[in-house]
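Visitor: Quick one: structure below, then a few questions.
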There are 2 protein chains.
Amino acid sequence: MPSYTAPTRDMDFVLHELLNVTAANIPGYADLDRETTAAILEEGGKFAAQVYQPLNAVGDREGCTLENGVVHTPPGFKAAFDALRAAGWTTLDCDEAYGGQGMPHVMGIAMGEIFAASNMALNMYHGLTHGAYSAIRAHGSEAQKRKWLPKMVSCAWTGTMNLTEPHAGTDLGLMRTKAEPQADGSYAITGTKIFISAGDHDMAANVVHLVLARIPGAPEGVKGISLFIVPKVLVNDDGTLAERNAVSVGNIEEKMGIHGNATCVMNYDGATGWMLGEAHKGLRAMFTMMNEARLAVGLQGYAQAEVAYQNAVAYARDRLQGRAVTGAANPDGPADPIIVHPDIRRVLMEGKSFVEGARALTFWAAELIDRAERQGDAEADALASLLIPVIKGVLTDRGFEVAVQAQQVFGGHGYIEDNGMSQFVRDARIAMIYEGANGIQALDLVGRKLAADGGKAMMGFFALVKGFIKENEGDANLKADFLDPLKAASKDLQTAAGYFVQSGTKNPDNALAGAYDFMHLFGHVALGLMWAKMAKVAQAALDDGRGDAGFYETKLATGRFYMARRLPETRTLLARIESGAKPVMALAAESF
Amino acid sequence: MPSYTAPTRDMDFVLHELLNVTAANIPGYADLDRETTAAILEEGGKFAAQVYQPLNAVGDREGCTLENGVVHTPPGFKAAFDALRAAGWTTLDCDEAYGGQGMPHVMGIAMGEIFAASNMALNMYHGLTHGAYSAIRAHGSEAQKRKWLPKMVSCAWTGTMNLTEPHAGTDLGLMRTKAEPQADGSYAITGTKIFISAGDHDMAANVVHLVLARIPGAPEGVKGISLFIVPKVLVNDDGTLAERNAVSVGNIEEKMGIHGNATCVMNYDGATGWMLGEAHKGLRAMFTMMNEARLAVGLQGYAQAEVAYQNAVAYARDRLQGRAVTGAANPDGPADPIIVHPDIRRVLMEGKSFVEGARALTFWAAELIDRAERQGDAEADALASLLIPVIKGVLTDRGFEVAVQAQQVFGGHGYIEDNGMSQFVRDARIAMIYEGANGIQALDLVGRKLAADGGKAMMGFFALVKGFIKENEGDANLKADFLDPLKAASKDLQTAAGYFVQSGTKNPDNALAGAYDFMHLFGHVALGLMWAKMAKVAQAALDDGRGDAGFYETKLATGRFYMARRLPETRTLLARIESGAKPVMALAAESF
């Protein structure tokens, strides 16, 4: 059976050595001293390993069931969720005004990785509640906030997002769910929503659905969609529960993975709801939490890679097959552990170098979001918005690939469900799809973010890379292994962006056909930047003789792998991009 | 629900326009006239679509069950297998001396693709029987052949391969199963084998196991392993069935996919067996069928990609979301079919260009095997042996990726089991693992095949590529789009091979660390060669005004996509290879 250990040392490195959070001068960050964050991460890691992780396989095996309209979660989930609430983990980065602890988002993200890695399906109940909480906090009236948020902060009630309809997934403009205004100011919501994660369950007294719907007479398309709060159980003015609302679970889906999370068809039959934010501006309200939600999904991608990687390492140390070609490593045993073989090493280094880079990038993005939210820093907001589709798309694509490779280390044993590696792959797969399929992330990046505000954020990113390279050029320890490859990769990214500007104007398909490659090219440069920065920190720690030399040397070696073995992919991606729309669009639709 | 249509037109193209089989001057090939092969493929395609494909989802959902020691296959499997036998499909490329139709392997491969694409799990019962048939035919005594082969050719009895033990997967030298000689010349086989595909089932009266085991006193390691025929039910001299042998199913595995095929733990408790071939040379006997078995698995990889691709195309034509950026394609509908979007096109072109290239490569390899077997052509044998690990490794890796991408086209609907795309992904996954995990294929390629006979086969392959380029250099239609990229890719492959020779001698890890990349680099050149050759044929057909111009134009456009968008990956792979062992091997085992 798989196990999981929270990578607290590496998180400490990212928070305190890379991001140097206490010196970041962001409101709330001064409290994130090393002892405090270590205590939180250690405690959370223990909780995840002892309470969440053992239920991961149970959730996969048993799944959720729908009986007489009631969703039952897998055995043990409710007790674990109770323990999560009791320990206060749900309140960590929520507003103190509603019972939260008020910690920065970067800590929510760190703990989010730990929970997602230990039990992705179970963690989603809390994660989605956090998303709904953020939407209400950003767009709700004072009365709405007072009514809903405290219960959602504690996860006494959980939350959901209801966007998709059977015929309207990516294209929300096709949405049909109706919201008819009632005399008392509420709305009667009618329609069917699908793919509603955590849509119903038996772990909380109420479920607060945020539902996109159209008011009669609303403009067509996405500009006529409003957002509504529609609880499963209506709530009295004193906060106690009243009668059931006219919302029910039509079905739960049999899925490839995340079996422990109920993916519901939700039927609204004139259910009572209240508008959240302004009429016809529901999509905008949803989009304000998009950064948070997509960052959380990118995180799921690398979190699954992390736990799959950990288990592949354990197996590779344990499993005896063959002999090292350079001489037996375990001469007294019948064979050497497979970790001696270069091809197994290759896989493990791919995993390690991806996960650590991804963690740094994700935490950095969370810091940018904190800067934007806590300081109103528009530049940080724009940079975060630029990075988010890259993080969502690249970290879930690569996270899945790393999980697949980790499964491969187990040989035939990886294909057997009991060994748990299949679940990591199957669970990781959804992160490439939901919260905007990765092709949509690429479109968002190239079609919107890249050119936003005259390309200011993109130029800012290039300036950042350039500045870092320039600043450290004299450092011989960094130059050949880190700065030169970063420079080359960044140049490829710039060339690609330039190609889009030139050729995309002539024919937008030239940009769209290369959007996916651009997203991955950007991902390489972003991860390369993270590795160059981490290398600098690690080298300084070694130079200073700060102790823990093994950690820093490992960090440098891992970074060198990324730069030497992963970053050269930018050449291929650029070549693909520069081939333009023609090879992609040559065929008529009927010629496939 | 997914559907499947056998790609008979493309198979016809490969057989008759690319390989030009009737003119190939290989015994048996003259009979493969266009009408004959078309009739076979059409008939087989109909059978696959009507009988096999509808059971694919059933097999996945219902799986196999073990009750009182008896394996039950999913509902409908037995009737379908009976129909397969009744129609004579199992005898196609088997020896006429034992009831086969004596057709060349290339036809077995063509039909194998159709069966594997329509129902991989069900097709394995027949596929493994064919493998066991080949082993007995190659290594059995006349009496053994007469006794076992006719029943195996008709699949009245099926066959298996028993290699793996719990502690001995890749490292067969660690194997413990014992074979004790008996007075009557038979052996008593005792031990446990795992991962035995089609190890038992209810569709045939007998199962003929080929089991690797050690005779007491045998040399240690792989040089002390012999191969035995161990039937589930003993057979009287007159061919009738006698009593059950001491072999039983200990368990069947819960797997990620191919649920319709029983993966058995087989217990041999002094079971009666007969040696096949020479004592202590069991591995060699197994290896002689390795080319066939690994080619069949590579085929599974692209066959799953083919069926997944077909269904992605259908969905992309049907699903309405968004508008083409260059102008509405379906102005009267609520939205355009998603096939208009460049990023969806990219995915479909990836699928199409991979599958068609893979088919050409696989059929070519089958032709080489036919040349080797039917003409004793040693050069063809060496080239096939060189290509086989590439085909197995690359076609299963890419086949899986293409299946994943096809699933992605469905968005959230792709994650729902009922839509069938998940099964293609889960089933395709095993092909990367069994019959030698893909890392082992890379090792076989770089550690054995590359240097075999002074690198003769590899040099032969390079000469082939060079010769083709030279021969067609003057053709302006081919030069820029096909020959130049092929030349560049081939140069990368040569540089990589040169690097291995130079740096691998100093430190073998330099070669081993890049082996996987080399396998994929080789795959690109091999597929690039196929595309260049297909482009030449297609262009000639257009020039000749042969008719069916749409097919040839599509072929050219698909090839151009491969050359422009896939082939540049060789640059990245070469850079990875040339970075050598250092980045891969830098860490101590305990530093992961």
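Chain labels follow the order of the structure tokens: the first chain is A, the next B, and so on; residue numbering restarts at 1 in every chain, and ligands are counted from 1 in their shown order.
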Kindly determine which residues of chain B lie within 7 Å of chain A, considering only C-alpha atoms, and give the answer as a VMD selection string.
Guide: chain B and resid 170 to 171 253 to 256 313 321 to 322 339 342 to 343 345 to 346 349 408 411 to 412 415 to 417 422 430 433 to 434 437 439 509 512 to 513 554 557 560 to 561 564 to 565 568 to 569 571 to 572 575 to 576 579 583 to 587 589 591 to 592
Visitor: DSSP on the backbone: which residues in segment 163-341 of chain A end up as helix (DSSP H, G or I)? Give the answer as a CSV table (one decimal) with all heavy atoms, in the first residue's frame.
Guide:
chain,number,residue,atom,x,y,z
A,172,LEU,N,-20.1,28.5,-22.0
A,172,LEU,CA,-21.1,28.8,-21.0
A,172,LEU,C,-22.2,29.6,-21.6
A,172,LEU,O,-23.3,29.7,-21.0
A,172,LEU,CB,-20.4,29.4,-19.8
A,172,LEU,CG,-19.5,28.5,-19.0
A,172,LEU,CD1,-18.7,29.3,-18.0
A,172,LEU,CD2,-20.3,27.4,-18.3
A,173,GLY,N,-21.9,30.3,-22.7
A,173,GLY,CA,-23.0,31.1,-23.3
A,173,GLY,C,-24.2,30.3,-23.7
A,173,GLY,O,-25.3,30.9,-23.9
A,174,LEU,N,-24.1,29.0,-23.9
A,174,LEU,CA,-25.2,28.1,-24.3
A,174,LEU,C,-26.1,27.7,-23.1
A,174,LEU,O,-27.1,27.0,-23.3
A,174,LEU,CB,-24.7,26.9,-25.0
A,174,LEU,CG,-23.8,27.1,-26.3
A,174,LEU,CD1,-23.3,25.7,-26.8
A,174,LEU,CD2,-24.5,27.8,-27.4
A,221,GLY,N,-26.0,34.7,-24.6
A,221,GLY,CA,-24.6,34.4,-24.5
A,221,GLY,C,-24.1,34.7,-23.0
A,221,GLY,O,-24.9,34.8,-22.1
A,222,VAL,N,-22.8,34.8,-22.9
A,222,VAL,CA,-22.2,34.9,-21.6
A,222,VAL,C,-22.5,36.2,-20.9
A,222,VAL,O,-22.3,36.3,-19.7
A,222,VAL,CB,-20.6,34.7,-21.7
A,222,VAL,CG1,-20.3,33.3,-22.1
A,222,VAL,CG2,-20.0,35.8,-22.6
A,223,LYS,N,-23.0,37.2,-21.6
A,223,LYS,CA,-23.3,38.5,-20.9
A,223,LYS,C,-24.7,38.5,-20.3
A,223,LYS,O,-25.1,39.5,-19.8
A,223,LYS,CB,-23.1,39.6,-21.9
A,223,LYS,CG,-21.7,39.8,-22.2
A,223,LYS,CD,-21.4,41.0,-23.2
A,223,LYS,CE,-19.9,41.1,-23.3
A,223,LYS,NZ,-19.5,41.9,-24.5
A,224,GLY,N,-25.3,37.3,-20.3
A,224,GLY,CA,-26.7,37.3,-19.7
A,224,GLY,C,-26.7,36.2,-18.6
A,224,GLY,O,-27.8,35.7,-18.3
A,282,GLY,N,-22.6,37.3,-13.7
A,282,GLY,CA,-22.2,36.1,-12.9
A,282,GLY,C,-20.9,35.5,-13.4
A,282,GLY,O,-20.1,35.0,-12.5
A,283,LEU,N,-20.6,35.6,-14.7
A,283,LEU,CA,-19.3,35.0,-15.1
A,283,LEU,C,-18.2,35.8,-14.6
A,283,LEU,O,-17.2,35.2,-14.2
A,283,LEU,CB,-19.3,35.0,-16.7
A,283,LEU,CG,-19.7,33.7,-17.3
A,283,LEU,CD1,-19.2,33.7,-18.8
A,283,LEU,CD2,-19.2,32.5,-16.6
A,284,ARG,N,-18.3,37.1,-14.6
A,284,ARG,CA,-17.3,37.9,-14.0
A,284,ARG,C,-17.0,37.6,-12.6
A,284,ARG,O,-15.9,37.5,-12.1
A,284,ARG,CB,-17.6,39.4,-14.2
A,284,ARG,CG,-16.4,40.3,-14.5
A,284,ARG,CD,-16.7,41.7,-14.6
A,284,ARG,NE,-17.3,42.3,-13.4
A,284,ARG,CZ,-17.7,43.5,-13.3
A,284,ARG,NH1,-17.7,44.3,-14.4
A,284,ARG,NH2,-18.2,44.0,-12.2
A,285,ALA,N,-18.1,37.3,-11.9
A,285,ALA,CA,-18.0,37.0,-10.4
A,285,ALA,C,-17.2,35.6,-10.3
A,285,ALA,O,-16.3,35.5,-9.5
A,285,ALA,CB,-19.3,36.9,-9.8
A,286,MET,N,-17.6,34.7,-11.2
A,286,MET,CA,-16.9,33.4,-11.2
A,286,MET,C,-15.4,33.6,-11.5
A,286,MET,O,-14.5,33.0,-10.9
A,286,MET,CB,-17.5,32.5,-12.2
A,286,MET,CG,-18.7,31.7,-11.8
A,286,MET,SD,-18.2,30.3,-10.8
A,286,MET,CE,-19.8,29.7,-10.3
A,287,PHE,N,-15.1,34.5,-12.5
A,287,PHE,CA,-13.8,34.7,-13.0
A,287,PHE,C,-12.9,35.3,-11.9
A,287,PHE,O,-11.6,35.1,-11.9
A,287,PHE,CB,-13.7,35.5,-14.2
A,287,PHE,CG,-14.0,34.7,-15.5
A,287,PHE,CD1,-14.8,35.2,-16.5
A,287,PHE,CD2,-13.4,33.4,-15.6
A,287,PHE,CE1,-15.0,34.4,-17.7
A,287,PHE,CE2,-13.6,32.7,-16.8
A,287,PHE,CZ,-14.4,33.2,-17.8
A,288,THR,N,-13.4,36.0,-11.0
A,288,THR,CA,-12.6,36.6,-10.0
A,288,THR,C,-12.0,35.5,-9.1
A,288,THR,O,-10.9,35.8,-8.4
A,288,THR,CB,-13.3,37.6,-9.1
A,288,THR,OG1,-14.4,37.0,-8.5
A,288,THR,CG2,-13.7,38.8,-9.9
A,290,MET,N,-11.2,32.6,-10.3
A,290,MET,CA,-10.6,31.7,-11.3
A,290,MET,C,-9.1,31.4,-10.9
A,290,MET,O,-8.6,30.3,-11.0
A,290,MET,CB,-10.7,32.3,-12.7
A,290,MET,CG,-10.7,31.2,-13.7
A,290,MET,SD,-12.2,30.2,-13.7
A,290,MET,CE,-13.1,30.9,-15.0
A,291,ASN,N,-8.4,32.5,-10.6
A,291,ASN,CA,-7.0,32.4,-10.3
A,291,ASN,C,-6.8,31.4,-9.1
A,291,ASN,O,-6.0,30.5,-9.2
A,291,ASN,CB,-6.4,33.7,-9.9
A,291,ASN,CG,-6.0,34.6,-11.1
A,291,ASN,OD1,-6.0,34.1,-12.2
A,291,ASN,ND2,-5.7,35.8,-10.9
A,292,GLU,N,-7.6,31.6,-8.1
A,292,GLU,CA,-7.5,30.7,-6.9
A,292,GLU,C,-7.8,29.2,-7.3
A,292,GLU,O,-7.1,28.3,-7.0
A,292,GLU,CB,-8.5,31.2,-5.8
A,292,GLU,CG,-8.5,30.2,-4.7
A,292,GLU,CD,-9.6,30.6,-3.7
A,292,GLU,OE1,-10.0,31.8,-3.5
A,292,GLU,OE2,-10.2,29.6,-3.1
A,293,ALA,N,-8.9,29.1,-8.1
A,293,ALA,CA,-9.4,27.7,-8.4
A,293,ALA,C,-8.4,27.0,-9.3
A,293,ALA,O,-8.1,25.8,-9.1
A,293,ALA,CB,-10.8,27.8,-9.0
A,294,ARG,N,-7.9,27.7,-10.3
A,294,ARG,CA,-7.0,27.1,-11.3
A,294,ARG,C,-5.6,26.8,-10.6
A,294,ARG,O,-4.9,25.9,-11.0
A,294,ARG,CB,-6.9,28.0,-12.5
A,294,ARG,CG,-8.2,28.0,-13.3
A,294,ARG,CD,-8.2,28.7,-14.6
A,294,ARG,NE,-9.4,28.4,-15.3
A,294,ARG,CZ,-9.8,28.9,-16.4
A,294,ARG,NH1,-9.1,29.8,-17.1
A,294,ARG,NH2,-11.0,28.5,-17.0
A,295,LEU,N,-5.2,27.7,-9.7
A,295,LEU,CA,-4.0,27.4,-9.0
A,295,LEU,C,-4.1,26.2,-8.2
A,295,LEU,O,-3.2,25.3,-8.1
A,295,LEU,CB,-3.6,28.6,-8.1
A,295,LEU,CG,-2.3,28.5,-7.3
A,295,LEU,CD1,-1.1,28.6,-8.3
A,295,LEU,CD2,-2.1,29.6,-6.3
A,296,ALA,N,-5.3,26.0,-7.6
A,296,ALA,CA,-5.6,24.8,-6.8
A,296,ALA,C,-5.5,23.5,-7.6
A,296,ALA,O,-5.1,22.5,-7.1
A,296,ALA,CB,-6.9,25.0,-6.0
A,297,VAL,N,-6.0,23.6,-8.9
A,297,VAL,CA,-6.0,22.4,-9.7
A,297,VAL,C,-4.5,22.1,-10.2
A,297,VAL,O,-4.1,21.0,-10.3
A,297,VAL,CB,-7.0,22.6,-10.9
A,297,VAL,CG1,-6.9,21.4,-11.8
A,297,VAL,CG2,-8.4,22.7,-10.3
A,298,GLY,N,-3.8,23.2,-10.6
A,298,GLY,CA,-2.4,23.0,-10.9
A,298,GLY,C,-1.7,22.3,-9.8
A,298,GLY,O,-0.9,21.3,-10.0
A,299,LEU,N,-2.0,22.7,-8.6
A,299,LEU,CA,-1.4,22.1,-7.4
A,299,LEU,C,-1.8,20.6,-7.3
A,299,LEU,O,-1.0,19.8,-7.0
A,299,LEU,CB,-2.0,22.9,-6.2
A,299,LEU,CG,-1.6,22.5,-4.8
A,299,LEU,CD1,-1.7,23.7,-3.9
A,299,LEU,CD2,-2.6,21.4,-4.2
A,300,GLN,N,-3.0,20.3,-7.6
A,300,GLN,CA,-3.4,18.9,-7.6
A,300,GLN,C,-2.6,18.1,-8.5
A,300,GLN,O,-2.2,16.9,-8.2
A,300,GLN,CB,-4.9,18.7,-8.0
A,300,GLN,CG,-5.9,19.2,-7.0
A,300,GLN,CD,-7.4,19.1,-7.5
A,300,GLN,OE1,-7.6,19.0,-8.7
A,300,GLN,NE2,-8.3,19.0,-6.6
A,301,GLY,N,-2.3,18.7,-9.7
A,301,GLY,CA,-1.4,17.9,-10.6
A,301,GLY,C,-0.1,17.6,-10.1
A,301,GLY,O,0.3,16.4,-10.1
A,302,TYR,N,0.6,18.5,-9.5
A,302,TYR,CA,1.9,18.2,-9.0
A,302,TYR,C,1.9,17.4,-7.6
A,302,TYR,O,2.8,16.7,-7.3
A,302,TYR,CB,2.9,19.4,-8.9
A,302,TYR,CG,2.8,20.3,-7.7
A,302,TYR,CD1,3.5,19.9,-6.5
A,302,TYR,CD2,2.2,21.5,-7.8
A,302,TYR,CE1,3.4,20.7,-5.4
A,302,TYR,CE2,2.2,22.4,-6.7
A,302,TYR,CZ,2.8,22.0,-5.5
A,302,TYR,OH,2.8,22.8,-4.4
A,303,ALA,N,0.8,17.6,-6.9
A,303,ALA,CA,0.6,16.9,-5.6
A,303,ALA,C,0.5,15.4,-5.9
A,303,ALA,O,1.0,14.5,-5.2
A,303,ALA,CB,-0.6,17.4,-4.9
A,304,GLN,N,-0.3,15.0,-7.0
A,304,GLN,CA,-0.4,13.6,-7.3
A,304,GLN,C,1.0,13.1,-7.8
A,304,GLN,O,1.4,11.9,-7.5
A,304,GLN,CB,-1.5,13.4,-8.4
A,304,GLN,CG,-2.9,13.5,-7.9
A,304,GLN,CD,-3.2,12.7,-6.6
A,304,GLN,OE1,-3.1,11.5,-6.7
A,304,GLN,NE2,-3.5,13.3,-5.5
A,305,ALA,N,1.7,13.9,-8.5
A,305,ALA,CA,3.0,13.5,-9.0
A,305,ALA,C,3.9,13.3,-7.7
A,305,ALA,O,4.7,12.4,-7.7
A,305,ALA,CB,3.6,14.6,-9.9
A,306,GLU,N,3.8,14.2,-6.8
A,306,GLU,CA,4.7,14.1,-5.5
A,306,GLU,C,4.4,12.7,-4.8
A,306,GLU,O,5.4,12.0,-4.5
A,306,GLU,CB,4.3,15.2,-4.6
A,306,GLU,CG,4.8,15.1,-3.1
A,306,GLU,CD,6.3,15.2,-2.9
A,306,GLU,OE1,6.9,16.1,-3.6
A,306,GLU,OE2,6.9,14.5,-2.1
A,307,VAL,N,3.2,12.4,-4.6
A,307,VAL,CA,2.9,11.2,-3.8
A,307,VAL,C,3.3,9.9,-4.7
A,307,VAL,O,3.8,8.9,-4.2
A,307,VAL,CB,1.5,11.1,-3.3
A,307,VAL,CG1,0.4,11.1,-4.4
A,307,VAL,CG2,1.3,10.0,-2.3
A,308,ALA,N,3.0,10.0,-6.0
A,308,ALA,CA,3.4,8.9,-6.9
A,308,ALA,C,4.9,8.7,-6.9
A,308,ALA,O,5.4,7.6,-6.8
A,308,ALA,CB,2.8,9.1,-8.3
A,309,TYR,N,5.6,9.9,-7.0
A,309,TYR,CA,7.1,9.9,-7.0
A,309,TYR,C,7.6,9.3,-5.7
A,309,TYR,O,8.5,8.4,-5.7
A,309,TYR,CB,7.6,11.3,-7.2
A,309,TYR,CG,9.0,11.5,-6.7
A,309,TYR,CD1,10.1,11.1,-7.4
A,309,TYR,CD2,9.3,12.1,-5.5
A,309,TYR,CE1,11.4,11.3,-7.0
A,309,TYR,CE2,10.5,12.3,-5.0
A,309,TYR,CZ,11.6,11.9,-5.8
A,309,TYR,OH,12.9,12.0,-5.3
A,310,GLN,N,7.1,9.7,-4.6
A,310,GLN,CA,7.5,9.2,-3.3
A,310,GLN,C,7.4,7.6,-3.2
A,310,GLN,O,8.3,6.9,-2.8
A,310,GLN,CB,6.7,9.7,-2.1
A,310,GLN,CG,7.0,11.1,-1.7
A,310,GLN,CD,6.3,11.6,-0.4
A,310,GLN,OE1,5.8,10.7,0.3
A,310,GLN,NE2,6.2,12.9,-0.2
A,311,ASN,N,6.3,7.1,-3.7
A,311,ASN,CA,6.1,5.7,-3.7
A,311,ASN,C,7.0,5.0,-4.7
A,311,ASN,O,7.4,3.8,-4.5
A,311,ASN,CB,4.7,5.3,-3.8
A,311,ASN,CG,3.9,5.6,-2.6
A,311,ASN,OD1,4.0,4.8,-1.6
A,311,ASN,ND2,3.2,6.8,-2.5
A,312,ALA,N,7.3,5.6,-5.8
A,312,ALA,CA,8.2,5.0,-6.8
A,312,ALA,C,9.6,4.9,-6.2
A,312,ALA,O,10.3,4.0,-6.4
A,312,ALA,CB,8.2,5.8,-8.1
A,313,VAL,N,10.0,6.0,-5.5
A,313,VAL,CA,11.3,6.0,-4.9
A,313,VAL,C,11.4,4.8,-3.9
A,313,VAL,O,12.4,4.0,-3.9
A,313,VAL,CB,11.6,7.3,-4.1
A,313,VAL,CG1,12.9,7.2,-3.2
A,313,VAL,CG2,11.8,8.4,-5.1
A,314,ALA,N,10.4,4.6,-3.1
A,314,ALA,CA,10.4,3.6,-2.1
A,314,ALA,C,10.5,2.2,-2.7
A,314,ALA,O,11.3,1.3,-2.3
A,314,ALA,CB,9.2,3.6,-1.2
A,315,TYR,N,9.8,2.0,-3.8
A,315,TYR,CA,9.8,0.8,-4.5
A,315,TYR,C,11.1,0.5,-5.2
A,315,TYR,O,11.7,-0.6,-5.2
A,315,TYR,CB,8.7,0.8,-5.6
A,315,TYR,CG,8.4,-0.6,-6.2
A,315,TYR,CD1,7.7,-1.6,-5.6
A,315,TYR,CD2,9.0,-0.9,-7.5
A,315,TYR,CE1,7.5,-2.8,-6.1
A,315,TYR,CE2,8.8,-2.1,-8.1
A,315,TYR,CZ,8.1,-3.1,-7.4
A,315,TYR,OH,7.9,-4.3,-8.0
A,316,ALA,N,11.7,1.6,-5.8
A,316,ALA,CA,13.0,1.5,-6.5
A,316,ALA,C,14.1,1.1,-5.5
A,316,ALA,O,15.1,0.5,-5.9
A,316,ALA,CB,13.3,2.8,-7.2
A,317,ARG,N,14.0,1.5,-4.3
A,317,ARG,CA,15.0,1.2,-3.3
A,317,ARG,C,14.9,-0.2,-2.8
A,317,ARG,O,15.8,-0.9,-2.4
A,317,ARG,CB,14.9,2.1,-2.1
A,317,ARG,CG,15.4,3.5,-2.3
A,317,ARG,CD,15.5,4.2,-0.9
A,317,ARG,NE,15.9,5.6,-1.1
A,317,ARG,CZ,15.2,6.7,-0.7
A,317,ARG,NH1,14.0,6.5,-0.1
A,317,ARG,NH2,15.6,7.9,-0.9
A,318,ASP,N,13.7,-0.8,-2.9
A,318,ASP,CA,13.3,-2.0,-2.3
A,318,ASP,C,13.4,-3.2,-3.3
A,318,ASP,O,13.8,-4.3,-2.9
A,318,ASP,CB,11.9,-1.9,-1.8
A,318,ASP,CG,11.6,-2.9,-0.7
A,318,ASP,OD1,12.3,-3.0,0.2
A,318,ASP,OD2,10.5,-3.6,-0.9
A,338,ILE,N,16.5,-1.7,-7.9
A,338,ILE,CA,16.4,-1.1,-9.2
A,338,ILE,C,16.8,0.4,-9.3
A,338,ILE,O,17.0,0.9,-10.4
A,338,ILE,CB,15.1,-1.4,-9.9
A,338,ILE,CG1,13.9,-0.7,-9.1
A,338,ILE,CG2,14.8,-2.9,-10.1
A,338,ILE,CD1,12.6,-0.8,-9.8
A,339,ILE,N,16.9,1.0,-8.1
A,339,ILE,CA,17.3,2.4,-8.1
A,339,ILE,C,18.8,2.6,-8.7
A,339,ILE,O,19.2,3.7,-9.0
A,339,ILE,CB,17.2,3.0,-6.7
A,339,ILE,CG1,17.1,4.6,-6.8
A,339,ILE,CG2,18.3,2.6,-5.8
A,339,ILE,CD1,16.6,5.2,-5.5
A,340,VAL,N,19.5,1.5,-8.8
A,340,VAL,CA,20.9,1.6,-9.4
A,340,VAL,C,20.8,1.8,-10.9
A,340,VAL,O,21.8,2.3,-11.5
A,340,VAL,CB,21.8,0.4,-9.1
A,340,VAL,CG1,21.8,0.1,-7.6
A,340,VAL,CG2,21.3,-0.8,-9.8
Visitor: Find the residues around segment 238-241 of chain A up to 10 Å (only C-alpha atoms counted), leave out those fewer than 4 positions away in its own chain, and share them as a list in words.
Guide: Arg146, Lys147, Trp148, Lys151, Ala205, Asn206, Val233 and Leu234 of chain A
Visitor: Out of B:Glu62, B:Asp10, B:Glu356, B:Glu367, which residue has the shortest atom-to-atom distance to His105 of chain B when counting only C-alpha atoms?
Guide: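 Ranked by minimum distance to His105 of chain B, first place goes to B:Glu367.
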Visitor: Which residues come within 10 Å of Leu32 of chain A, counting only C-alpha atoms, excluding same-chain residues fewer than 4 positions away, as a list in words?
Guide: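 After dropping sequence-adjacent residues, the list is Leu15, His16, Asn20, Val21, Thr22, Ala23, Gly28, Thr36, Thr37, Ala38, Met103, Pro104, Val106 and Met107 of chain A.
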Visitor: So that I can check the surroundings of segment 69-72 of chain B, please list as a list in words every protein, DNA and RNA residue that reaches within 8 Å of it, counting only C-alpha atoms and ignoring chain neighbours fewer than 2 positions away.
Guide: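 Answer for this query is Cys64, Thr65, Leu66, Glu67, Pro74, Asp200, His201, Asp202, Ser248, Val249, Gly250 and Ala262 of chain B.
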Visitor: Pick from A:Lys392, A:Lys456, A:His209, A:Lys487: nearest to Thr160 of chain A, with only C-alpha atoms counted?
Guide: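 Looking only at the distances to Thr160 of chain A, the closest residue turns out to be A:His209.
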Visitor: If DSSP is run on the backbone, what residues of segment 211-259 of chain B are strand (DSSP E or B)? A reply as a PyMOL selection string would be ideal.
Guide: chain B and resi 211-214+225-231+233-235+241-244+247-252+255
Visitor: Considering only C-alpha atoms, return as a list in words whatever protein or nucleic-acid residues lie within 12 Å of Leu464 of chain A, sequence-local ones (same chain, fewer than 5 positions apart) excluded.
Guide: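 With the cut-off at 12 Å, the set is Leu383, Ala457, Met458, Met459, Ile469, Lys470, Glu471, Leu486, Lys487, Ser490, Val525, Ala526, Leu529, Met530 and Lys533 of chain A.
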